[in-house]
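**Student:** Data file query.cif (mmCIF, C-alpha atoms, pLDDT in the B column; chains and numbers go by the auth columns) is appended below.
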data_protein
loop_
_atom_site.group_PDB
_atom_site.id
_atom_site.type_symbol
_atom_site.label_atom_id
_atom_site.label_comp_id
_atom_site.label_asym_id
_atom_site.label_seq_id
_atom_site.Cartn_x
_atom_site.Cartn_y
_atom_site.Cartn_z
_atom_site.B_iso_or_equiv
_atom_site.auth_seq_id
_atom_site.auth_asym_id
ATOM 1 C CA MET A 1 -182.619 34.404 -4.402 49.00 233 A
ATOM 2 C CA GLU A 2 -179.146 34.685 -2.809 52.00 234 A
ATOM 3 C CA GLN A 3 -177.044 36.418 -5.421 54.00 235 A
ATOM 4 C CA LYS A 4 -173.319 36.045 -5.762 57.00 236 A
ATOM 5 C CA GLN A 5 -171.706 39.413 -5.213 62.00 237 A
ATOM 6 C CA ILE A 6 -168.899 39.627 -7.776 70.00 238 A
ATOM 7 C CA CYS A 7 -165.885 41.121 -6.010 86.00 239 A
ATOM 8 C CA ALA A 8 -163.708 43.556 -7.918 89.00 240 A
ATOM 9 C CA LYS A 9 -160.669 41.266 -7.870 92.00 241 A
ATOM 10 C CA PHE A 10 -162.641 38.323 -9.268 93.00 242 A
ATOM 11 C CA GLU A 11 -164.217 40.529 -11.932 92.00 243 A
ATOM 12 C CA LYS A 12 -160.827 41.920 -13.004 93.00 244 A
ATOM 13 C CA ALA A 13 -159.334 38.423 -13.147 95.00 245 A
ATOM 14 C CA VAL A 14 -162.182 37.044 -15.282 94.00 246 A
ATOM 15 C CA GLU A 15 -162.034 40.041 -17.638 93.00 247 A
ATOM 16 C CA LEU A 16 -158.270 39.705 -18.035 95.00 248 A
ATOM 17 C CA LEU A 17 -158.324 35.948 -18.563 95.00 249 A
ATOM 18 C CA SER A 18 -161.314 36.104 -20.911 93.00 250 A
ATOM 19 C CA LYS A 19 -159.631 38.536 -23.251 93.00 251 A
ATOM 20 C CA ARG A 20 -159.251 36.989 -26.698 92.00 252 A
ATOM 21 C CA TRP A 21 -156.042 34.867 -26.881 95.00 253 A
ATOM 22 C CA VAL A 22 -154.866 35.593 -23.306 96.00 254 A
ATOM 23 C CA ALA A 23 -155.630 32.111 -22.004 95.00 255 A
ATOM 24 C CA PHE A 24 -153.974 30.453 -24.991 95.00 256 A
ATOM 25 C CA ILE A 25 -150.822 32.595 -24.700 96.00 257 A
ATOM 26 C CA ILE A 26 -150.487 31.829 -20.981 97.00 258 A
ATOM 27 C CA TYR A 27 -151.093 28.147 -21.703 95.00 259 A
ATOM 28 C CA GLN A 28 -148.341 28.165 -24.339 95.00 260 A
ATOM 29 C CA LEU A 29 -145.891 29.707 -21.849 97.00 261 A
ATOM 30 C CA MET A 30 -146.686 27.043 -19.261 96.00 262 A
ATOM 31 C CA SER A 31 -144.143 24.870 -21.101 94.00 263 A
ATOM 32 C CA GLY A 32 -141.336 27.358 -20.479 96.00 264 A
ATOM 33 C CA PRO A 33 -139.721 30.522 -21.867 97.00 265 A
ATOM 34 C CA GLN A 34 -140.420 31.130 -25.524 97.00 266 A
ATOM 35 C CA ARG A 35 -139.518 33.602 -28.205 97.00 267 A
ATOM 36 C CA PHE A 36 -142.160 35.603 -30.048 96.00 268 A
ATOM 37 C CA SER A 37 -141.865 33.310 -33.073 95.00 269 A
ATOM 38 C CA ASP A 38 -142.313 30.202 -30.888 95.00 270 A
ATOM 39 C CA ILE A 39 -145.562 31.550 -29.481 96.00 271 A
ATOM 40 C CA GLU A 40 -146.735 32.607 -32.943 94.00 272 A
ATOM 41 C CA HIS A 41 -145.933 29.136 -34.231 93.00 273 A
ATOM 42 C CA GLY A 42 -148.023 27.547 -31.510 92.00 274 A
ATOM 43 C CA LEU A 43 -151.018 29.799 -32.206 92.00 275 A
ATOM 44 C CA PRO A 44 -151.277 29.943 -36.004 89.00 276 A
ATOM 45 C CA ASN A 45 -154.553 31.927 -36.102 89.00 277 A
ATOM 46 C CA LEU A 46 -153.138 34.722 -33.942 93.00 278 A
ATOM 47 C CA SER A 47 -151.750 37.771 -35.750 94.00 279 A
ATOM 48 C CA GLY A 48 -148.378 39.199 -34.800 94.00 280 A
ATOM 49 C CA LYS A 49 -149.956 42.565 -33.987 96.00 281 A
ATOM 50 C CA VAL A 50 -152.480 41.062 -31.540 96.00 282 A
ATOM 51 C CA LEU A 51 -149.803 38.843 -29.994 97.00 283 A
ATOM 52 C CA SER A 52 -147.568 41.854 -29.481 97.00 284 A
ATOM 53 C CA ASP A 53 -150.398 43.803 -27.821 97.00 285 A
ATOM 54 C CA ARG A 54 -151.358 40.924 -25.552 97.00 286 A
ATOM 55 C CA LEU A 55 -147.746 40.312 -24.491 98.00 287 A
ATOM 56 C CA LYS A 56 -147.430 43.997 -23.503 97.00 288 A
ATOM 57 C CA GLU A 57 -150.676 43.802 -21.510 97.00 289 A
ATOM 58 C CA LEU A 58 -149.651 40.578 -19.775 98.00 290 A
ATOM 59 C CA GLU A 59 -146.275 42.081 -18.942 98.00 291 A
ATOM 60 C CA ALA A 60 -147.984 45.203 -17.533 97.00 292 A
ATOM 61 C CA GLU A 61 -150.255 42.938 -15.444 96.00 293 A
ATOM 62 C CA GLY A 62 -147.197 41.123 -14.119 97.00 294 A
ATOM 63 C CA LEU A 63 -148.156 37.738 -15.525 98.00 295 A
ATOM 64 C CA ILE A 64 -145.185 37.459 -17.886 98.00 296 A
ATOM 65 C CA ARG A 65 -141.675 38.833 -18.085 98.00 297 A
ATOM 66 C CA ARG A 66 -139.593 39.744 -21.104 97.00 298 A
ATOM 67 C CA ASP A 67 -135.884 38.951 -21.051 97.00 299 A
ATOM 68 C CA VAL A 68 -133.459 40.447 -23.564 96.00 300 A
ATOM 69 C CA TYR A 69 -130.218 38.555 -24.158 94.00 301 A
ATOM 70 C CA PRO A 70 -127.511 40.791 -25.738 93.00 302 A
ATOM 71 C CA GLU A 71 -126.441 38.220 -28.284 92.00 303 A
ATOM 72 C CA MET A 72 -125.974 38.661 -32.037 90.00 304 A
ATOM 73 C CA PRO A 73 -128.761 38.838 -33.054 91.00 305 A
ATOM 74 C CA VAL A 74 -130.441 39.929 -29.819 92.00 306 A
ATOM 75 C CA ARG A 75 -132.544 37.153 -28.281 93.00 307 A
ATOM 76 C CA ILE A 76 -135.819 38.083 -26.542 96.00 308 A
ATOM 77 C CA GLU A 77 -137.718 35.542 -24.483 97.00 309 A
ATOM 78 C CA TYR A 78 -141.070 35.659 -22.749 98.00 310 A
ATOM 79 C CA SER A 79 -141.818 33.605 -19.670 98.00 311 A
ATOM 80 C CA LEU A 80 -144.430 33.363 -16.955 98.00 312 A
ATOM 81 C CA THR A 81 -143.812 35.083 -13.643 98.00 313 A
ATOM 82 C CA GLU A 82 -144.808 33.451 -10.372 98.00 314 A
ATOM 83 C CA LYS A 83 -148.163 35.220 -10.729 98.00 315 A
ATOM 84 C CA GLY A 84 -148.579 33.721 -14.218 98.00 316 A
ATOM 85 C CA ARG A 85 -147.545 30.207 -13.191 98.00 317 A
ATOM 86 C CA ALA A 86 -150.040 30.391 -10.307 97.00 318 A
ATOM 87 C CA LEU A 87 -152.758 30.003 -12.983 97.00 319 A
ATOM 88 C CA SER A 88 -151.645 26.444 -13.660 96.00 320 A
ATOM 89 C CA PRO A 89 -154.456 24.816 -11.578 96.00 321 A
ATOM 90 C CA LEU A 90 -157.006 26.721 -13.658 96.00 322 A
ATOM 91 C CA PHE A 91 -155.677 25.225 -16.877 95.00 323 A
ATOM 92 C CA THR A 92 -155.617 21.753 -15.337 95.00 324 A
ATOM 93 C CA ASP A 93 -159.271 22.170 -14.398 96.00 325 A
ATOM 94 C CA ILE A 94 -160.222 23.518 -17.827 96.00 326 A
ATOM 95 C CA GLY A 95 -158.468 20.513 -19.390 94.00 327 A
ATOM 96 C CA ASN A 96 -160.253 18.068 -17.086 95.00 328 A
ATOM 97 C CA TRP A 97 -163.626 19.669 -17.738 96.00 329 A
ATOM 98 C CA ALA A 98 -163.049 19.816 -21.478 95.00 330 A
ATOM 99 C CA ASN A 99 -162.015 16.167 -21.618 94.00 331 A
ATOM 100 C CA GLN A 100 -165.069 15.082 -19.718 94.00 332 A
ATOM 101 C CA TRP A 101 -167.689 17.332 -21.216 95.00 333 A
ATOM 102 C CA MET A 102 -166.654 18.774 -24.573 91.00 334 A
ATOM 103 C CA SER A 103 -166.855 16.902 -27.865 79.00 335 A
ATOM 104 C CA ASP A 104 -164.068 17.595 -30.325 66.00 336 A
ATOM 105 C CA GLY A 105 -166.546 17.349 -33.155 61.00 337 A
ATOM 106 C CA HIS A 106 -165.384 13.881 -34.262 54.00 338 A
ATOM 107 C CA GLU A 107 -167.619 11.892 -31.953 49.00 339 A
ATOM 108 C CA MET B 1 -138.797 24.327 -27.324 49.00 140 B
ATOM 109 C CA GLU B 2 -141.448 21.702 -26.406 52.00 141 B
ATOM 110 C CA GLN B 3 -144.735 23.291 -27.439 54.00 142 B
ATOM 111 C CA LYS B 4 -148.093 22.593 -25.876 57.00 143 B
ATOM 112 C CA GLN B 5 -150.350 21.104 -28.529 62.00 144 B
ATOM 113 C CA ILE B 6 -153.756 22.664 -27.896 69.00 145 B
ATOM 114 C CA CYS B 7 -156.304 19.889 -28.258 85.00 146 B
ATOM 115 C CA ALA B 8 -159.615 20.671 -29.925 89.00 147 B
ATOM 116 C CA LYS B 9 -161.650 20.071 -26.758 92.00 148 B
ATOM 117 C CA PHE B 10 -159.472 22.398 -24.684 93.00 149 B
ATOM 118 C CA GLU B 11 -159.585 25.066 -27.396 92.00 150 B
ATOM 119 C CA LYS B 12 -163.386 24.868 -27.666 93.00 151 B
ATOM 120 C CA ALA B 13 -163.749 25.060 -23.880 95.00 152 B
ATOM 121 C CA VAL B 14 -161.491 28.139 -23.596 94.00 153 B
ATOM 122 C CA GLU B 15 -163.274 29.865 -26.480 93.00 154 B
ATOM 123 C CA LEU B 16 -166.694 29.173 -24.967 95.00 155 B
ATOM 124 C CA LEU B 17 -165.712 30.228 -21.446 95.00 156 B
ATOM 125 C CA SER B 18 -163.826 33.312 -22.663 93.00 157 B
ATOM 126 C CA LYS B 19 -166.807 34.689 -24.505 93.00 158 B
ATOM 127 C CA ARG B 20 -167.845 38.036 -23.061 92.00 159 B
ATOM 128 C CA TRP B 21 -170.143 37.571 -20.036 94.00 160 B
ATOM 129 C CA VAL B 22 -170.259 33.742 -20.190 96.00 161 B
ATOM 130 C CA ALA B 23 -168.115 33.242 -17.091 95.00 162 B
ATOM 131 C CA PHE B 24 -170.103 35.798 -15.110 95.00 163 B
ATOM 132 C CA ILE B 25 -173.469 34.300 -16.099 96.00 164 B
ATOM 133 C CA ILE B 26 -172.333 30.804 -15.110 97.00 165 B
ATOM 134 C CA TYR B 27 -170.924 32.187 -11.863 95.00 166 B
ATOM 135 C CA GLN B 28 -174.289 33.843 -11.082 95.00 167 B
ATOM 136 C CA LEU B 29 -176.116 30.557 -11.648 97.00 168 B
ATOM 137 C CA MET B 30 -173.757 28.719 -9.276 96.00 169 B
ATOM 138 C CA SER B 31 -176.005 30.032 -6.464 94.00 170 B
ATOM 139 C CA GLY B 32 -179.062 28.261 -7.875 96.00 171 B
ATOM 140 C CA PRO B 33 -181.889 28.640 -10.395 97.00 172 B
ATOM 141 C CA GLN B 34 -182.657 32.210 -11.360 97.00 173 B
ATOM 142 C CA ARG B 35 -185.061 34.132 -13.506 97.00 174 B
ATOM 143 C CA PHE B 36 -183.878 36.366 -16.333 96.00 175 B
ATOM 144 C CA SER B 37 -184.443 39.451 -14.201 95.00 176 B
ATOM 145 C CA ASP B 38 -182.431 37.959 -11.313 95.00 177 B
ATOM 146 C CA ILE B 39 -179.436 37.407 -13.591 96.00 178 B
ATOM 147 C CA GLU B 40 -179.820 40.870 -15.113 94.00 179 B
ATOM 148 C CA HIS B 41 -179.944 42.352 -11.611 93.00 180 B
ATOM 149 C CA GLY B 42 -176.686 40.620 -10.687 92.00 181 B
ATOM 150 C CA LEU B 43 -174.894 41.844 -13.825 92.00 182 B
ATOM 151 C CA PRO B 44 -175.951 45.482 -14.197 88.00 183 B
ATOM 152 C CA ASN B 45 -173.630 46.260 -17.147 89.00 184 B
ATOM 153 C CA LEU B 46 -175.019 43.406 -19.233 93.00 185 B
ATOM 154 C CA SER B 47 -177.744 44.263 -21.755 94.00 186 B
ATOM 155 C CA GLY B 48 -180.906 42.173 -21.966 94.00 187 B
ATOM 156 C CA LYS B 49 -180.198 41.378 -25.614 95.00 188 B
ATOM 157 C CA VAL B 50 -176.692 40.024 -24.919 96.00 189 B
ATOM 158 C CA LEU B 51 -177.953 38.089 -21.881 97.00 190 B
ATOM 159 C CA SER B 52 -180.675 36.528 -23.972 97.00 191 B
ATOM 160 C CA ASP B 53 -178.157 35.514 -26.671 97.00 192 B
ATOM 161 C CA ARG B 54 -175.711 34.060 -24.159 97.00 193 B
ATOM 162 C CA LEU B 55 -178.434 32.073 -22.378 98.00 194 B
ATOM 163 C CA LYS B 56 -179.474 30.534 -25.707 97.00 195 B
ATOM 164 C CA GLU B 57 -175.852 29.635 -26.496 97.00 196 B
ATOM 165 C CA LEU B 58 -175.258 28.150 -23.048 98.00 197 B
ATOM 166 C CA GLU B 59 -178.468 26.150 -23.347 98.00 198 B
ATOM 167 C CA ALA B 60 -177.380 24.887 -26.789 97.00 199 B
ATOM 168 C CA GLU B 61 -173.990 23.895 -25.304 96.00 200 B
ATOM 169 C CA GLY B 62 -175.770 21.995 -22.551 97.00 201 B
ATOM 170 C CA LEU B 63 -174.384 24.115 -19.726 98.00 202 B
ATOM 171 C CA ILE B 64 -177.731 25.490 -18.583 98.00 203 B
ATOM 172 C CA ARG B 65 -181.355 24.443 -18.759 98.00 204 B
ATOM 173 C CA ARG B 66 -184.469 26.546 -19.058 97.00 205 B
ATOM 174 C CA ASP B 67 -187.563 25.520 -17.097 97.00 206 B
ATOM 175 C CA VAL B 68 -191.008 26.954 -17.827 96.00 207 B
ATOM 176 C CA TYR B 69 -193.559 26.818 -15.013 94.00 208 B
ATOM 177 C CA PRO B 70 -197.152 27.195 -16.310 93.00 209 B
ATOM 178 C CA GLU B 71 -198.188 29.671 -13.633 91.00 210 B
ATOM 179 C CA MET B 72 -199.942 33.009 -14.072 90.00 211 B
ATOM 180 C CA PRO B 73 -197.852 34.762 -15.178 91.00 212 B
ATOM 181 C CA VAL B 74 -195.599 32.039 -16.607 92.00 213 B
ATOM 182 C CA ARG B 75 -192.375 31.613 -14.604 93.00 214 B
ATOM 183 C CA ILE B 76 -189.155 30.803 -16.478 96.00 215 B
ATOM 184 C CA GLU B 77 -186.036 29.797 -14.606 97.00 216 B
ATOM 185 C CA TYR B 78 -182.494 29.131 -15.742 98.00 217 B
ATOM 186 C CA SER B 79 -180.207 26.723 -13.910 98.00 218 B
ATOM 187 C CA LEU B 80 -176.897 24.962 -14.428 98.00 219 B
ATOM 188 C CA THR B 81 -176.871 21.414 -15.731 98.00 220 B
ATOM 189 C CA GLU B 82 -174.436 18.874 -14.372 98.00 221 B
ATOM 190 C CA LYS B 83 -172.042 19.936 -17.145 98.00 222 B
ATOM 191 C CA GLY B 84 -172.398 23.570 -16.014 98.00 223 B
ATOM 192 C CA ARG B 85 -171.948 22.787 -12.327 98.00 224 B
ATOM 193 C CA ALA B 86 -168.797 20.798 -13.189 98.00 225 B
ATOM 194 C CA LEU B 87 -167.153 24.179 -13.875 97.00 226 B
ATOM 195 C CA SER B 88 -167.263 25.031 -10.187 96.00 227 B
ATOM 196 C CA PRO B 89 -163.557 24.199 -9.565 96.00 228 B
ATOM 197 C CA LEU B 90 -162.575 26.759 -12.215 96.00 229 B
ATOM 198 C CA PHE B 91 -164.324 29.517 -10.340 95.00 230 B
ATOM 199 C CA THR B 92 -162.698 28.431 -7.110 95.00 231 B
ATOM 200 C CA ASP B 93 -159.311 28.577 -8.853 96.00 232 B
ATOM 201 C CA ILE B 94 -160.001 32.015 -10.319 96.00 233 B
ATOM 202 C CA GLY B 95 -161.218 33.276 -6.940 94.00 234 B
ATOM 203 C CA ASN B 96 -158.129 31.973 -5.150 95.00 235 B
ATOM 204 C CA TRP B 97 -155.803 33.386 -7.771 96.00 236 B
ATOM 205 C CA ALA B 98 -157.578 36.732 -7.850 95.00 237 B
ATOM 206 C CA ASN B 99 -157.478 37.051 -4.066 94.00 238 B
ATOM 207 C CA GLN B 100 -153.775 36.320 -3.966 94.00 239 B
ATOM 208 C CA TRP B 101 -152.585 38.191 -7.012 95.00 240 B
ATOM 209 C CA MET B 102 -155.054 40.854 -8.174 91.00 241 B
ATOM 210 C CA SER B 103 -155.400 44.275 -6.617 80.00 242 B
ATOM 211 C CA ASP B 104 -158.916 45.683 -6.504 66.00 243 B
ATOM 212 C CA GLY B 105 -157.567 49.112 -7.222 60.00 244 B
ATOM 213 C CA HIS B 106 -157.987 50.349 -3.624 53.00 245 B
ATOM 214 C CA GLU B 107 -154.629 49.148 -2.354 49.00 246 B
#
Take the structure I supplied and represent it as structure tokens, if you would.
**Tutor:**
Amino acid sequence: MEQKQICAKFEKAVELLSKRWVAFIIYQLMSGPQRFSDIEHGLPNLSGKVLSDRLKELEAEGLIRRDVYPEMPVRIEYSLTEKGRALSPLFTDIGNWANQWMSDGHE
Amino acid sequence: MEQKQICAKFEKAVELLSKRWVAFIIYQLMSGPQRFSDIEHGLPNLSGKVLSDRLKELEAEGLIRRDVYPEMPVRIEYSLTEKGRALSPLFTDIGNWANQWMSDGHE
């Protein structure tokens, strides 16, 4: 039985993207820069603490950037980097698959 | 800020695919039907108990099928259904993205 060797890069990518809430946060940011409260609003079941942790991780991984605008009050926005936006095809494919194969429980 | 409404199907798909080990198990089965021990061999850090649970869940979700061959000893094989194989583009996307953007820690 030919077995798929899982390369380190693929494994790291799957582990990162599978982390609870990561995919949803990236998906939210696909529609453009957002403030912390915007993201929170879009993901009501996600706690502020977990969101804060995930945003730090995603920033460290280079998938998102954090911009601070020295206004009164200070405005902080999160947005996808090129690396983050490059995940867009994945979300299109998940959406296509979900539409074709998943039931939303009302059928 | 236009917010992405996360539809129920998309949410269910992301939650299912993000579950620990699910993506790796499906990826293993992309190379064809395999026995429990084959899958275990391909994913050394995955315990037999968790693999057994995930296979049951994936079977219940219709992503894999379980075939029993009445040989001596009995042979049981797991394989992707059409619904499971339809996830193939996702793995291509993840592979492409990982190759371009992830470091495998040796660079």
**Student:** I'd like the residues picked by the PyMOL selection byres ((chain B and resi 204-207) around 9) written out as a PDB file with C-alpha atoms, keeping the file's coordinate frame, using the chain letters and numbers from the file.
**Tutor:**
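Printed below is out.pdb as written:
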ATOM      1  CA  LEU B 194    -178.434  32.073 -22.378  1.00 98.00           C
ATOM      2  CA  LEU B 197    -175.258  28.150 -23.048  1.00 98.00           C
ATOM      3  CA  GLU B 198    -178.468  26.150 -23.347  1.00 98.00           C
ATOM      4  CA  ALA B 199    -177.380  24.887 -26.789  1.00 97.00           C
ATOM      5  CA  GLY B 201    -175.770  21.995 -22.551  1.00 97.00           C
ATOM      6  CA  LEU B 202    -174.384  24.115 -19.726  1.00 98.00           C
ATOM      7  CA  ILE B 203    -177.731  25.490 -18.583  1.00 98.00           C
ATOM      8  CA  TYR B 208    -193.559  26.818 -15.013  1.00 94.00           C
ATOM      9  CA  PRO B 209    -197.152  27.195 -16.310  1.00 93.00           C
ATOM     10  CA  GLU B 210    -198.188  29.671 -13.633  1.00 91.00           C
ATOM     11  CA  VAL B 213    -195.599  32.039 -16.607  1.00 92.00           C
ATOM     12  CA  ARG B 214    -192.375  31.613 -14.604  1.00 93.00           C
ATOM     13  CA  ILE B 215    -189.155  30.803 -16.478  1.00 96.00           C
ATOM     14  CA  GLU B 216    -186.036  29.797 -14.606  1.00 97.00           C
ATOM     15  CA  TYR B 217    -182.494  29.131 -15.742  1.00 98.00           C
ATOM     16  CA  SER B 218    -180.207  26.723 -13.910  1.00 98.00           C
ATOM     17  CA  LEU B 219    -176.897  24.962 -14.428  1.00 98.00           C
ATOM     18  CA  THR B 220    -176.871  21.414 -15.731  1.00 98.00           C
TER      19      THR B 220
END
**Student:** With all atoms listed in the file considered, list every residue of chain A at most 9 Å from chain B, as a ChimeraX atom specification.
**Tutor:** /A:233-247,249-253,255-256,259-266,270-271,274-275,293,315,318-319,321-323,325-337
**Student:** What is the atom CA of Asp192 of chain B to atom CA of Pro212 of chain B distance in Å?
**Tutor:** 22.8 Å
**Student:** Mind fitting chain A onto chain B over all Cα atoms in sequence order and sending the result as an mmCIF file with C-alpha atoms, keeping the file's coordinate frame?
**Tutor:**
data_model
loop_
_atom_site.group_PDB
_atom_site.id
_atom_site.type_symbol
_atom_site.label_atom_id
_atom_site.label_comp_id
_atom_site.auth_asym_id
_atom_site.auth_seq_id
_atom_site.Cartn_x
_atom_site.Cartn_y
_atom_site.Cartn_z
ATOM 1 C CA MET A 233 -138.804 24.296 -27.340
ATOM 2 C CA GLU A 234 -141.484 21.723 -26.406
ATOM 3 C CA GLN A 235 -144.737 23.317 -27.466
ATOM 4 C CA LYS A 236 -148.082 22.589 -25.913
ATOM 5 C CA GLN A 237 -150.346 21.108 -28.545
ATOM 6 C CA ILE A 238 -153.766 22.666 -27.938
ATOM 7 C CA CYS A 239 -156.337 19.891 -28.293
ATOM 8 C CA ALA A 240 -159.634 20.697 -29.962
ATOM 9 C CA LYS A 241 -161.670 20.081 -26.806
ATOM 10 C CA PHE A 242 -159.486 22.408 -24.728
ATOM 11 C CA GLU A 243 -159.594 25.073 -27.436
ATOM 12 C CA LYS A 244 -163.399 24.881 -27.688
ATOM 13 C CA ALA A 245 -163.752 25.077 -23.905
ATOM 14 C CA VAL A 246 -161.485 28.135 -23.620
ATOM 15 C CA GLU A 247 -163.273 29.885 -26.500
ATOM 16 C CA LEU A 248 -166.683 29.193 -24.971
ATOM 17 C CA LEU A 249 -165.696 30.248 -21.463
ATOM 18 C CA SER A 250 -163.825 33.328 -22.683
ATOM 19 C CA LYS A 251 -166.819 34.689 -24.528
ATOM 20 C CA ARG A 252 -167.829 38.054 -23.086
ATOM 21 C CA TRP A 253 -170.143 37.581 -20.043
ATOM 22 C CA VAL A 254 -170.245 33.753 -20.197
ATOM 23 C CA ALA A 255 -168.104 33.250 -17.103
ATOM 24 C CA PHE A 256 -170.077 35.819 -15.122
ATOM 25 C CA ILE A 257 -173.444 34.302 -16.105
ATOM 26 C CA ILE A 258 -172.304 30.801 -15.117
ATOM 27 C CA TYR A 259 -170.907 32.192 -11.868
ATOM 28 C CA GLN A 260 -174.244 33.863 -11.097
ATOM 29 C CA LEU A 261 -176.086 30.565 -11.650
ATOM 30 C CA MET A 262 -173.739 28.740 -9.286
ATOM 31 C CA SER A 263 -175.981 30.036 -6.481
ATOM 32 C CA GLY A 264 -179.033 28.259 -7.890
ATOM 33 C CA PRO A 265 -181.871 28.636 -10.409
ATOM 34 C CA GLN A 266 -182.618 32.209 -11.363
ATOM 35 C CA ARG A 267 -185.035 34.118 -13.515
ATOM 36 C CA PHE A 268 -183.857 36.353 -16.342
ATOM 37 C CA SER A 269 -184.432 39.451 -14.206
ATOM 38 C CA ASP A 270 -182.397 37.968 -11.327
ATOM 39 C CA ILE A 271 -179.419 37.408 -13.601
ATOM 40 C CA GLU A 272 -179.810 40.873 -15.125
ATOM 41 C CA HIS A 273 -179.924 42.350 -11.639
ATOM 42 C CA GLY A 274 -176.690 40.629 -10.707
ATOM 43 C CA LEU A 275 -174.894 41.850 -13.840
ATOM 44 C CA PRO A 276 -175.945 45.492 -14.218
ATOM 45 C CA ASN A 277 -173.623 46.269 -17.164
ATOM 46 C CA LEU A 278 -175.013 43.409 -19.253
ATOM 47 C CA SER A 279 -177.752 44.266 -21.754
ATOM 48 C CA GLY A 280 -180.890 42.165 -21.964
ATOM 49 C CA LYS A 281 -180.203 41.380 -25.624
ATOM 50 C CA VAL A 282 -176.694 40.034 -24.926
ATOM 51 C CA LEU A 283 -177.936 38.100 -21.893
ATOM 52 C CA SER A 284 -180.665 36.520 -23.986
ATOM 53 C CA ASP A 285 -178.158 35.511 -26.681
ATOM 54 C CA ARG A 286 -175.704 34.067 -24.181
ATOM 55 C CA LEU A 287 -178.419 32.083 -22.381
ATOM 56 C CA LYS A 288 -179.469 30.527 -25.717
ATOM 57 C CA GLU A 289 -175.846 29.635 -26.508
ATOM 58 C CA LEU A 290 -175.247 28.157 -23.057
ATOM 59 C CA GLU A 291 -178.449 26.154 -23.341
ATOM 60 C CA ALA A 292 -177.378 24.880 -26.788
ATOM 61 C CA GLU A 293 -173.987 23.907 -25.303
ATOM 62 C CA GLY A 294 -175.763 22.011 -22.537
ATOM 63 C CA LEU A 295 -174.361 24.109 -19.711
ATOM 64 C CA ILE A 296 -177.717 25.498 -18.577
ATOM 65 C CA ARG A 297 -181.339 24.449 -18.738
ATOM 66 C CA ARG A 298 -184.463 26.552 -19.045
ATOM 67 C CA ASP A 299 -187.541 25.517 -17.084
ATOM 68 C CA VAL A 300 -190.981 26.956 -17.810
ATOM 69 C CA TYR A 301 -193.525 26.829 -14.991
ATOM 70 C CA PRO A 302 -197.133 27.197 -16.285
ATOM 71 C CA GLU A 303 -198.165 29.654 -13.614
ATOM 72 C CA MET A 304 -199.941 32.996 -14.034
ATOM 73 C CA PRO A 305 -197.823 34.756 -15.153
ATOM 74 C CA VAL A 306 -195.581 32.042 -16.597
ATOM 75 C CA ARG A 307 -192.370 31.613 -14.597
ATOM 76 C CA ILE A 308 -189.137 30.807 -16.471
ATOM 77 C CA GLU A 309 -186.008 29.791 -14.605
ATOM 78 C CA TYR A 310 -182.467 29.130 -15.737
ATOM 79 C CA SER A 311 -180.183 26.740 -13.913
ATOM 80 C CA LEU A 312 -176.879 24.985 -14.423
ATOM 81 C CA THR A 313 -176.860 21.427 -15.709
ATOM 82 C CA GLU A 314 -174.415 18.868 -14.356
ATOM 83 C CA LYS A 315 -172.043 19.945 -17.136
ATOM 84 C CA GLY A 316 -172.366 23.578 -16.001
ATOM 85 C CA ARG A 317 -171.920 22.808 -12.302
ATOM 86 C CA ALA A 318 -168.793 20.797 -13.170
ATOM 87 C CA LEU A 319 -167.112 24.185 -13.801
ATOM 88 C CA SER A 320 -167.280 25.006 -10.105
ATOM 89 C CA PRO A 321 -163.595 24.108 -9.398
ATOM 90 C CA LEU A 322 -162.549 26.553 -12.115
ATOM 91 C CA PHE A 323 -164.351 29.414 -10.403
ATOM 92 C CA THR A 324 -162.876 28.441 -7.040
ATOM 93 C CA ASP A 325 -159.412 28.577 -8.587
ATOM 94 C CA ILE A 326 -160.077 31.903 -10.312
ATOM 95 C CA GLY A 327 -161.274 33.291 -6.967
ATOM 96 C CA ASN A 328 -158.196 31.996 -5.145
ATOM 97 C CA TRP A 329 -155.854 33.381 -7.784
ATOM 98 C CA ALA A 330 -157.638 36.720 -7.890
ATOM 99 C CA ASN A 331 -157.533 37.071 -4.112
ATOM 100 C CA GLN A 332 -153.850 36.338 -4.005
ATOM 101 C CA TRP A 333 -152.652 38.205 -7.046
ATOM 102 C CA MET A 334 -155.105 40.860 -8.210
ATOM 103 C CA SER A 335 -155.446 44.298 -6.644
ATOM 104 C CA ASP A 336 -158.957 45.695 -6.492
ATOM 105 C CA GLY A 337 -157.584 49.137 -7.185
ATOM 106 C CA HIS A 338 -157.963 50.337 -3.577
ATOM 107 C CA GLU A 339 -154.615 49.105 -2.332
#
**Student:** Suppose you want the space between atom CA of Leu185 of chain B and atom CA of Met211 of chain B; what is it in Å?
**Tutor:**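 Between atom CA of Leu185 of chain B and atom CA of Met211 of chain B the gap works out to 27.5 Å.
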**Student:** What does the structure give for the distance between atom CA of Glu289 of chain A and atom CA of Pro276 of chain A, in Å to one decimal?
**Tutor:**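 A separation of 20.1 Å between them.
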**Student:** Compute the distance from (-183.7, 38.3, -20.4) to each atom, counting only C-alpha atoms, keep the residues with any atom at most 8 Å away, and return them as a count of residues only; use the coordinates of the file.
**Tutor:** 7
**Student:** Let me have the centre and edge lengths of the axis-aligned box enclosing all listed atoms of segment 247-256 of chain A with 4 Å padding on every side, in Å to one decimal, as AutoDock Vina command-line options.
**Tutor:**
--center_x -158.0 --center_y 35.2 --center_z -22.3 --size_x 16.1 --size_y 17.6 --size_z 17.2
